[in-house]
Amino acid sequence: MPRAFIIRGFGKKKDREGQEFDFDRVEAELIRPAMVRSGLTGGTTATEEDSGNIREDMFALILEADVVICDITVHNANVFYELGIRHALRKKHTVLIRGEASKDVTPFDLSTDRYLAYDLANPAAALDKLTSALQATQRSTRETDSPIFLLLPTLPEANPADVTVVPLDLVEEVERAESAKDKAWLRVIAEDLEEQRYQRDGLRVVARAQWSLKDLDGAQASWENVRGGREDDVEANLALANIYERQYRANKREQLLTASNQALRRVLEAERLSLKDKAEALALQGRNAKTLWRERFERYEVAAGDDARKLALDGKAREAYAAYREAFECDLNKYYAGIAALQMGCILRELAGQPAWPNLFKGNKKEAQRAREDLDSELPALTHVVDASVRRAVAQESGDEKMYAEISAADLLFLTQPDEEWQADTSAIVQAYRDAIPANNAWAFDATGGQLKLFRKLGFRVPVVDAVLAALESEPAAKKAQHLVVFTGHGIDAPGTPAERRRFPPEAEQRARALIKEQLAALHAAAGEAETLTLLASGAPGADILAHDVAKELGIARRLCLPMPVEDVSRLAFQGLDAWKGRFLALAEELKDKHTRQLADHDELPRWLQGRGIDPWSRGNRWVLKLAKTWGAQRVTVLALWDGQDRGRDGGTEQMVRLARGEGRFRFVHIPTAALTG
């Protein structure tokens, strides 16, 4: 959510005639409610609980805030000093308010500025007006509301990212989650960043990791949050343009491709745009045009060759080629823009042989002929420059970038090897692709294979495409649908629990086991041979351990989900329950490594979360439900041995039930505990 910073006097202050005004009341009755209505979080420096220099916090908060609300009712030196800082650092989104009864005259330097007047005796009466002003300010396209930037329009605006410090332990937690390939963990971190002063820049770190793990939905939510207060955020818009396009390819919703193009337009209109970012935006514009072009003609089932080429005659192909070329010219290190331009150029040169080629030029044969001649002259020169760029990348890059550079080198060989060579022997091209694409990287193979299949459909070097695909493709194993069962249930009652608070008395263990087995057996039978059933459950004493026991008996795959290491769980959750602790440790040993998922490395929360009232067990519950969301299962059932009571507490079964019911796509099955206590 966008953040606001409030500049005001604290407590009660007087004007020049001795009238006393309560500014804490103004915040409580007017400013805070208006912020809530306008979707703003934040506050004053008083909301910062960390130790440290309050002036340093104040400078950072003023700079970072998406909106500043400043009360200029009385002559308060601190207020005007802080307002001056805001006007000097940020161009816009500063809202001035002033109590009407004050006898202090607005300073000359602010006398021409608009402000919202309110009644000091009844601040709440101006709530609607301030809400409208805050909403309008966030939407405003006005260049500036700062007198400094009005007088000095070429003065560069400060960048909040230059001063925001993301805690190191937050960065390290994100790195651990990414290394564990745990999409759910990253989503928990994103959720925990809400209302932190470094929320936006922390979410940047999270969103990059989510993209790395191909969690498109999670990355979309994070990047949209980053962009929430600054629609011209270049990194966020480039990331969202990528995400929206990939989602469009998955479900063909036109508005997603439109949103992608809108994000790219924001990038290209941004101030102080680097050539590198401009090149990236242009390359993505080319990719969007190519996506639309492919979608238009690939929807038709036609034989490879001339029929497909007729359908491929589309202005979007020329648009994609032009955008890719311009992107590569902006930054010759962007080898992927260069290879994409060369691919589209080769396709256009093939299409230029079609009788209908002049139709792309409204029937102007001279213009069509000129375009064909331009391709003939442009493509050889482009080939040499792309070759140099790809060679540089192969020599200098590492990791995934080196892999993609090597794939581009194979693409270049496919496009440029003389006809007589590939017609005699395709092995050199096949070997180049085999060496470039790791055997376990489905993402890279799908992208490369998709491009090769496009060439085959257009009748371009079909024997080579077939040879490459035959060498790389393996018969995909038929995958069963996945059905995930998330189990939650009450722990065993501690000795001496009063009768009215009993939920799971020790003597009811066998009854509880029978109830759990009845439900799991029914789900297992329904799954049959068509579905793979997997149980996710923690290891608390009582219902969790019983669920694991029953799943093992029925032959259901299991995953032990722990919010902290085994030794910490056994120490904290099994006090006075030695027999259950032994069962838990045996379970943990049985399911260690691949069959155990663990959220944290120790029982304490990371420092960046401490002091916020977050419980590690509660955080673990949120993580398990997010595991279910990101698992990729076609069906999720939440099975709960529960007393039916929600007392608003977190960290236990009632929280899991509450979270599960909030997920519309989860099926919820309730096992009442009345049979255990009756």
# chains A, B, ... in the order shown; residues from 1 in each chain; ligands from 1

call {"tool": "residues_around", "arguments": {"residues": "stretch 318-322 of chain A", "least_positions_apart": "2", "cutoff": "12 Å", "atoms": "only C-alpha atoms", "output": "count of residues only"}}
result
49

call {"tool": "residues_around", "arguments": {"residues": "A:Asp411", "least_positions_apart": "4", "cutoff": "9 Å", "atoms": "only C-alpha atoms", "output": "mmCIF file with C-alpha atoms, in the first residue's frame"}}
result
data_model
loop_
_atom_site.group_PDB
_atom_site.id
_atom_site.type_symbol
_atom_site.label_atom_id
_atom_site.label_comp_id
_atom_site.auth_asym_id
_atom_site.auth_seq_id
_atom_site.Cartn_x
_atom_site.Cartn_y
_atom_site.Cartn_z
ATOM 1 C CA ILE A 339 19.004 -12.524 -32.068
ATOM 2 C CA GLN A 343 14.940 -14.254 -36.289
ATOM 3 C CA GLU A 406 24.970 -20.177 -25.687
ATOM 4 C CA ILE A 407 21.402 -20.906 -26.825
ATOM 5 C CA LEU A 415 19.801 -19.097 -39.005
ATOM 6 C CA THR A 416 23.083 -18.598 -40.845
ATOM 7 C CA ILE A 429 23.432 -27.418 -35.304
ATOM 8 C CA ALA A 432 25.133 -26.692 -30.572
ATOM 9 C CA TYR A 433 21.633 -26.894 -29.095
ATOM 10 C CA THR A 448 13.862 -22.631 -27.647
ATOM 11 C CA LEU A 452 12.040 -23.782 -33.643
#

call {"tool": "select_by_dssp", "arguments": {"residues": "stretch 212-310 of chain A", "states": "alpha helix (DSSP H)", "output": "PyMOL selection string"}}
result
chain A and resi 212+216-227+234-251+254-268+275-298+306-310

call {"tool": "residues_around", "arguments": {"residues": "A:Lys252", "least_positions_apart": "3", "cutoff": "12 Å", "atoms": "only C-alpha atoms", "output": "list of chain:residue names"}}
result
A:Tyr244, A:Glu245, A:Arg246, A:Gln247, A:Tyr248, A:Arg249, A:Gln255, A:Leu256, A:Leu257, A:Thr258, A:Thr291, A:Leu292, A:Glu295, A:Arg296, A:Arg299

call {"tool": "residues_around", "arguments": {"residues": "A:Gln417", "least_positions_apart": "4", "cutoff": "10 Å", "atoms": "only C-alpha atoms", "output": "PDB file with C-alpha atoms, in the first residue's frame"}}
result
ATOM      1  CA  LEU A 412      22.587 -17.931 -34.818  1.00  0.00           C
ATOM      2  CA  LEU A 413      24.112 -21.067 -36.324  1.00  0.00           C
ATOM      3  CA  GLU A 421      26.136 -27.492 -45.149  1.00  0.00           C
ATOM      4  CA  TRP A 422      22.961 -28.194 -43.160  1.00  0.00           C
ATOM      5  CA  GLN A 423      21.443 -30.097 -46.074  1.00  0.00           C
ATOM      6  CA  THR A 426      22.606 -31.253 -39.509  1.00  0.00           C
ATOM      7  CA  ALA A 428      26.662 -29.302 -36.010  1.00  0.00           C
ATOM      8  CA  ILE A 429      23.432 -27.418 -35.304  1.00  0.00           C
TER       9      ILE A 429
END

call {"tool": "residues_around", "arguments": {"residues": "A:Gly648", "least_positions_apart": "4", "cutoff": "9 Å", "atoms": "only C-alpha atoms", "output": "CSV table (one decimal) with C-alpha atoms, in the first residue's frame"}}
result
chain,number,residue,atom,x,y,z
A,654,GLU,CA,-8.6,-22.2,14.5
A,655,GLN,CA,-6.2,-19.9,12.6
A,658,ARG,CA,-9.9,-19.3,9.3

call {"tool": "atom_distance", "arguments": {"atom1": "atom CA of A:Ile492", "atom2": "atom CA of A:Ala586"}}
result
18.0 Å

call {"tool": "residues_around", "arguments": {"residues": "stretch 156-161 of chain A", "least_positions_apart": "4", "cutoff": "10 Å", "atoms": "only C-alpha atoms", "output": "VMD selection string"}}
result
chain A and resid 60 to 66 87 to 92 149 152 165 to 166 198 200 to 201 271 to 272

call {"tool": "write_last_selection", "arguments": {"atoms": "N, CA and C atoms", "output": "PDB file, in the first residue's frame"}}
result
ATOM      1  N   ALA A  60      14.404  10.370   6.116  1.00  0.00           N
ATOM      2  CA  ALA A  60      14.100   9.235   5.242  1.00  0.00           C
ATOM      3  C   ALA A  60      12.604   9.122   4.991  1.00  0.00           C
ATOM      4  N   LEU A  61      11.802   9.286   6.036  1.00  0.00           N
ATOM      5  CA  LEU A  61      10.348   9.153   5.887  1.00  0.00           C
ATOM      6  C   LEU A  61       9.774  10.231   4.978  1.00  0.00           C
ATOM      7  N   ILE A  62      10.287  11.446   5.097  1.00  0.00           N
ATOM      8  CA  ILE A  62       9.811  12.539   4.244  1.00  0.00           C
ATOM      9  C   ILE A  62      10.131  12.252   2.785  1.00  0.00           C
ATOM     10  N   LEU A  63      11.325  11.728   2.533  1.00  0.00           N
ATOM     11  CA  LEU A  63      11.726  11.429   1.158  1.00  0.00           C
ATOM     12  C   LEU A  63      10.971  10.233   0.603  1.00  0.00           C
ATOM     13  N   GLU A  64      10.806   9.176   1.407  1.00  0.00           N
ATOM     14  CA  GLU A  64      10.236   7.933   0.914  1.00  0.00           C
ATOM     15  C   GLU A  64       8.726   8.003   0.718  1.00  0.00           C
ATOM     16  N   ALA A  65       8.051   8.901   1.462  1.00  0.00           N
ATOM     17  CA  ALA A  65       6.582   8.899   1.472  1.00  0.00           C
ATOM     18  C   ALA A  65       6.013   9.155   0.080  1.00  0.00           C
ATOM     19  N   ASP A  66       4.990   8.382  -0.270  1.00  0.00           N
ATOM     20  CA  ASP A  66       4.274   8.625  -1.520  1.00  0.00           C
ATOM     21  C   ASP A  66       3.447   9.902  -1.422  1.00  0.00           C
ATOM     22  N   HIS A  87       9.606  19.720  -0.048  1.00  0.00           N
ATOM     23  CA  HIS A  87       9.544  20.503  -1.286  1.00  0.00           C
ATOM     24  C   HIS A  87      10.864  20.471  -2.042  1.00  0.00           C
ATOM     25  N   ALA A  88      11.988  20.327  -1.323  1.00  0.00           N
ATOM     26  CA  ALA A  88      13.293  20.319  -1.984  1.00  0.00           C
ATOM     27  C   ALA A  88      13.629  18.958  -2.578  1.00  0.00           C
ATOM     28  N   LEU A  89      13.033  17.891  -2.033  1.00  0.00           N
ATOM     29  CA  LEU A  89      13.411  16.550  -2.453  1.00  0.00           C
ATOM     30  C   LEU A  89      12.453  15.909  -3.449  1.00  0.00           C
ATOM     31  N   ARG A  90      11.146  16.188  -3.273  1.00  0.00           N
ATOM     32  CA  ARG A  90      10.142  15.510  -4.093  1.00  0.00           C
ATOM     33  C   ARG A  90       9.264  16.522  -4.811  1.00  0.00           C
ATOM     34  N   LYS A  91       8.932  16.206  -6.062  1.00  0.00           N
ATOM     35  CA  LYS A  91       8.196  17.157  -6.896  1.00  0.00           C
ATOM     36  C   LYS A  91       6.732  17.315  -6.507  1.00  0.00           C
ATOM     37  N   LYS A  92       6.108  16.233  -6.058  1.00  0.00           N
ATOM     38  CA  LYS A  92       4.657  16.322  -5.892  1.00  0.00           C
ATOM     39  C   LYS A  92       4.147  15.398  -4.809  1.00  0.00           C
ATOM     40  N   PHE A 149      10.573  23.177  -7.289  1.00  0.00           N
ATOM     41  CA  PHE A 149      10.641  22.587  -8.631  1.00  0.00           C
ATOM     42  C   PHE A 149       9.903  23.448  -9.656  1.00  0.00           C
ATOM     43  N   LEU A 152      12.695  25.885 -10.367  1.00  0.00           N
ATOM     44  CA  LEU A 152      13.885  25.236 -10.919  1.00  0.00           C
ATOM     45  C   LEU A 152      13.467  23.935 -11.599  1.00  0.00           C
ATOM     46  N   VAL A 165      17.104   1.769   3.346  1.00  0.00           N
ATOM     47  CA  VAL A 165      17.982   0.660   3.711  1.00  0.00           C
ATOM     48  C   VAL A 165      17.118  -0.555   4.036  1.00  0.00           C
ATOM     49  N   VAL A 166      17.247  -1.596   3.236  1.00  0.00           N
ATOM     50  CA  VAL A 166      16.542  -2.847   3.492  1.00  0.00           C
ATOM     51  C   VAL A 166      17.388  -3.651   4.472  1.00  0.00           C
ATOM     52  N   TYR A 198      10.260   0.289   4.855  1.00  0.00           N
ATOM     53  CA  TYR A 198      11.048  -0.152   3.699  1.00  0.00           C
ATOM     54  C   TYR A 198      10.269  -1.183   2.882  1.00  0.00           C
ATOM     55  N   ARG A 200       8.404  -1.100   0.188  1.00  0.00           N
ATOM     56  CA  ARG A 200       8.528  -1.124  -1.272  1.00  0.00           C
ATOM     57  C   ARG A 200       9.862  -1.702  -1.715  1.00  0.00           C
ATOM     58  N   ASP A 201      10.936  -1.278  -1.061  1.00  0.00           N
ATOM     59  CA  ASP A 201      12.242  -1.771  -1.492  1.00  0.00           C
ATOM     60  C   ASP A 201      12.482  -3.198  -1.020  1.00  0.00           C
ATOM     61  N   GLU A 271      11.237   9.812 -16.781  1.00  0.00           N
ATOM     62  CA  GLU A 271      12.361  10.732 -16.786  1.00  0.00           C
ATOM     63  C   GLU A 271      13.647   9.957 -16.504  1.00  0.00           C
ATOM     64  N   ARG A 272      14.759  10.494 -16.963  1.00  0.00           N
ATOM     65  CA  ARG A 272      16.081   9.925 -16.696  1.00  0.00           C
ATOM     66  C   ARG A 272      16.144   8.437 -17.029  1.00  0.00           C
TER      67      ARG A 272
END

call {"tool": "residues_around", "arguments": {"residues": "A:Glu224", "least_positions_apart": "6", "cutoff": "12 Å", "atoms": "only C-alpha atoms", "output": "list in words"}}
result
Met1, Pro2, Ala190, Arg200, Leu203, Arg204, Ala207, Leu216, Asp217, Gly218, Arg230, Glu231, Asp232, Asp233, Glu235, Ala236, Asn237, Leu238, Ala239, Leu240, Ala241, Ile243, Tyr244, Ala259 and Ala263 of chain A

call {"tool": "write_last_selection", "arguments": {"atoms": "C-alpha atoms", "output": "PDB file, in the first residue's frame"}}
result
ATOM      1  CA  MET A   1       0.000   0.000   0.000  1.00  0.00           C
ATOM      2  CA  PRO A   2       1.177   3.587  -0.611  1.00  0.00           C
ATOM      3  CA  ALA A 190       5.943 -10.283   1.202  1.00  0.00           C
ATOM      4  CA  ARG A 200       8.528  -1.124  -1.272  1.00  0.00           C
ATOM      5  CA  LEU A 203       9.284  -6.162  -1.939  1.00  0.00           C
ATOM      6  CA  ARG A 204      11.713  -5.475  -4.779  1.00  0.00           C
ATOM      7  CA  ALA A 207       9.792  -9.957  -6.300  1.00  0.00           C
ATOM      8  CA  LEU A 216       4.299 -15.352 -11.671  1.00  0.00           C
ATOM      9  CA  ASP A 217       1.274 -14.700  -9.463  1.00  0.00           C
ATOM     10  CA  GLY A 218       3.414 -13.929  -6.430  1.00  0.00           C
ATOM     11  CA  ARG A 230       5.131   5.445  -8.177  1.00  0.00           C
ATOM     12  CA  GLU A 231       3.552   4.486 -11.475  1.00  0.00           C
ATOM     13  CA  ASP A 232       6.735   5.477 -13.317  1.00  0.00           C
ATOM     14  CA  ASP A 233       8.913   2.979 -11.418  1.00  0.00           C
ATOM     15  CA  GLU A 235      12.056  -1.730 -12.761  1.00  0.00           C
ATOM     16  CA  ALA A 236       8.524  -2.534 -11.616  1.00  0.00           C
ATOM     17  CA  ASN A 237       7.014  -1.678 -14.992  1.00  0.00           C
ATOM     18  CA  LEU A 238       9.565  -3.751 -16.901  1.00  0.00           C
ATOM     19  CA  ALA A 239       8.943  -6.710 -14.594  1.00  0.00           C
ATOM     20  CA  LEU A 240       5.162  -6.397 -14.851  1.00  0.00           C
ATOM     21  CA  ALA A 241       5.341  -6.078 -18.635  1.00  0.00           C
ATOM     22  CA  ILE A 243       4.707 -11.072 -16.245  1.00  0.00           C
ATOM     23  CA  TYR A 244       1.536  -9.836 -17.957  1.00  0.00           C
ATOM     24  CA  ALA A 259      -1.516  -4.008 -19.428  1.00  0.00           C
ATOM     25  CA  ALA A 263       3.647  -0.734 -18.471  1.00  0.00           C
TER      26      ALA A 263
END

call {"tool": "atom_distance", "arguments": {"atom1": "atom CA of A:Pro380", "atom2": "atom CA of A:Pro418"}}
result
12.9 Å

call {"tool": "closest_atom_pairs", "arguments": {"of": "stretch 406-512 of chain A", "to": "stretch 636-644 of chain A", "cutoff": "10 Å", "atoms": "only C-alpha atoms", "output": "tab-separated table"}}
result
residue	atom	partner	partner_atom	distance
A:Gln482	CA	A:Val636	CA	8.6
A:His483	CA	A:Val636	CA	5.8
A:Leu484	CA	A:Val636	CA	4.7
A:Val485	CA	A:Thr637	CA	4.8
A:Val486	CA	A:Val638	CA	4.7
A:Phe487	CA	A:Leu639	CA	4.9
A:Thr488	CA	A:Ala640	CA	4.9
A:Gly489	CA	A:Leu641	CA	4.4
A:His490	CA	A:Trp642	CA	6.3
A:Gly491	CA	A:Leu641	CA	9.6
A:Arg502	CA	A:Asp643	CA	9.6
A:Arg503	CA	A:Asp643	CA	6.5
A:Phe504	CA	A:Asp643	CA	9.1
A:Ala512	CA	A:Leu641	CA	8.2

call {"tool": "closest_residue", "arguments": {"among": "A:Thr106, A:Gln210, A:Thr653, A:Thr141", "to": "A:Thr630", "atoms": "only C-alpha atoms"}}
result
A:Gln210

call {"tool": "select_by_dssp", "arguments": {"residues": "stretch 421-595 of chain A", "states": "strand (DSSP E)", "output": "ChimeraX atom specification"}}
result
/A:481-489,531-537,557-562

call {"tool": "write_last_selection", "arguments": {"atoms": "N, CA and C atoms", "output": "PDB file, in the first residue's frame"}}
result
ATOM      1  N   ALA A 481      -3.049 -36.105 -12.053  1.00  0.00           N
ATOM      2  CA  ALA A 481      -3.508 -34.897 -11.361  1.00  0.00           C
ATOM      3  C   ALA A 481      -3.107 -35.001  -9.898  1.00  0.00           C
ATOM      4  N   GLN A 482      -2.772 -33.858  -9.296  1.00  0.00           N
ATOM      5  CA  GLN A 482      -2.356 -33.852  -7.900  1.00  0.00           C
ATOM      6  C   GLN A 482      -3.496 -33.381  -7.005  1.00  0.00           C
ATOM      7  N   HIS A 483      -3.708 -34.101  -5.917  1.00  0.00           N
ATOM      8  CA  HIS A 483      -4.692 -33.720  -4.906  1.00  0.00           C
ATOM      9  C   HIS A 483      -3.932 -33.567  -3.588  1.00  0.00           C
ATOM     10  N   LEU A 484      -3.912 -32.366  -3.082  1.00  0.00           N
ATOM     11  CA  LEU A 484      -3.177 -32.063  -1.860  1.00  0.00           C
ATOM     12  C   LEU A 484      -4.149 -32.017  -0.692  1.00  0.00           C
ATOM     13  N   VAL A 485      -3.803 -32.707   0.392  1.00  0.00           N
ATOM     14  CA  VAL A 485      -4.612 -32.674   1.604  1.00  0.00           C
ATOM     15  C   VAL A 485      -3.802 -31.969   2.692  1.00  0.00           C
ATOM     16  N   VAL A 486      -4.276 -30.830   3.130  1.00  0.00           N
ATOM     17  CA  VAL A 486      -3.641 -30.099   4.225  1.00  0.00           C
ATOM     18  C   VAL A 486      -4.387 -30.470   5.500  1.00  0.00           C
ATOM     19  N   PHE A 487      -3.673 -31.093   6.430  1.00  0.00           N
ATOM     20  CA  PHE A 487      -4.328 -31.511   7.674  1.00  0.00           C
ATOM     21  C   PHE A 487      -3.985 -30.549   8.800  1.00  0.00           C
ATOM     22  N   THR A 488      -4.985 -30.247   9.619  1.00  0.00           N
ATOM     23  CA  THR A 488      -4.775 -29.473  10.840  1.00  0.00           C
ATOM     24  C   THR A 488      -5.696 -30.030  11.907  1.00  0.00           C
ATOM     25  N   GLY A 489      -5.226 -30.026  13.133  1.00  0.00           N
ATOM     26  CA  GLY A 489      -6.056 -30.573  14.205  1.00  0.00           C
ATOM     27  C   GLY A 489      -5.530 -30.183  15.562  1.00  0.00           C
ATOM     28  N   GLU A 531      -5.452 -39.781  -9.524  1.00  0.00           N
ATOM     29  CA  GLU A 531      -4.829 -38.685  -8.800  1.00  0.00           C
ATOM     30  C   GLU A 531      -3.702 -39.180  -7.903  1.00  0.00           C
ATOM     31  N   THR A 532      -2.723 -38.300  -7.693  1.00  0.00           N
ATOM     32  CA  THR A 532      -1.696 -38.525  -6.684  1.00  0.00           C
ATOM     33  C   THR A 532      -2.089 -37.752  -5.438  1.00  0.00           C
ATOM     34  N   LEU A 533      -2.270 -38.455  -4.335  1.00  0.00           N
ATOM     35  CA  LEU A 533      -2.702 -37.833  -3.089  1.00  0.00           C
ATOM     36  C   LEU A 533      -1.480 -37.592  -2.210  1.00  0.00           C
ATOM     37  N   THR A 534      -1.344 -36.380  -1.691  1.00  0.00           N
ATOM     38  CA  THR A 534      -0.224 -36.038  -0.812  1.00  0.00           C
ATOM     39  C   THR A 534      -0.762 -35.314   0.414  1.00  0.00           C
ATOM     40  N   LEU A 535      -0.263 -35.701   1.588  1.00  0.00           N
ATOM     41  CA  LEU A 535      -0.673 -35.082   2.845  1.00  0.00           C
ATOM     42  C   LEU A 535       0.380 -34.082   3.299  1.00  0.00           C
ATOM     43  N   LEU A 536      -0.044 -32.862   3.616  1.00  0.00           N
ATOM     44  CA  LEU A 536       0.810 -31.881   4.283  1.00  0.00           C
ATOM     45  C   LEU A 536       0.302 -31.738   5.709  1.00  0.00           C
ATOM     46  N   ALA A 537       1.171 -31.952   6.691  1.00  0.00           N
ATOM     47  CA  ALA A 537       0.767 -31.781   8.088  1.00  0.00           C
ATOM     48  C   ALA A 537       1.992 -31.465   8.920  1.00  0.00           C
ATOM     49  N   ALA A 557       1.290 -40.448   0.258  1.00  0.00           N
ATOM     50  CA  ALA A 557       2.538 -39.678   0.357  1.00  0.00           C
ATOM     51  C   ALA A 557       2.378 -38.594   1.409  1.00  0.00           C
ATOM     52  N   ARG A 558       3.472 -38.320   2.134  1.00  0.00           N
ATOM     53  CA  ARG A 558       3.397 -37.353   3.236  1.00  0.00           C
ATOM     54  C   ARG A 558       4.525 -36.335   3.156  1.00  0.00           C
ATOM     55  N   ARG A 559       4.244 -35.140   3.665  1.00  0.00           N
ATOM     56  CA  ARG A 559       5.265 -34.118   3.863  1.00  0.00           C
ATOM     57  C   ARG A 559       5.084 -33.548   5.269  1.00  0.00           C
ATOM     58  N   LEU A 560       6.172 -33.552   6.035  1.00  0.00           N
ATOM     59  CA  LEU A 560       6.166 -32.971   7.374  1.00  0.00           C
ATOM     60  C   LEU A 560       6.524 -31.495   7.254  1.00  0.00           C
ATOM     61  N   CYS A 561       5.642 -30.608   7.692  1.00  0.00           N
ATOM     62  CA  CYS A 561       5.834 -29.163   7.539  1.00  0.00           C
ATOM     63  C   CYS A 561       6.089 -28.541   8.914  1.00  0.00           C
ATOM     64  N   LEU A 562       7.287 -28.012   9.116  1.00  0.00           N
ATOM     65  CA  LEU A 562       7.679 -27.495  10.421  1.00  0.00           C
ATOM     66  C   LEU A 562       8.023 -26.012  10.331  1.00  0.00           C
TER      67      LEU A 562
END
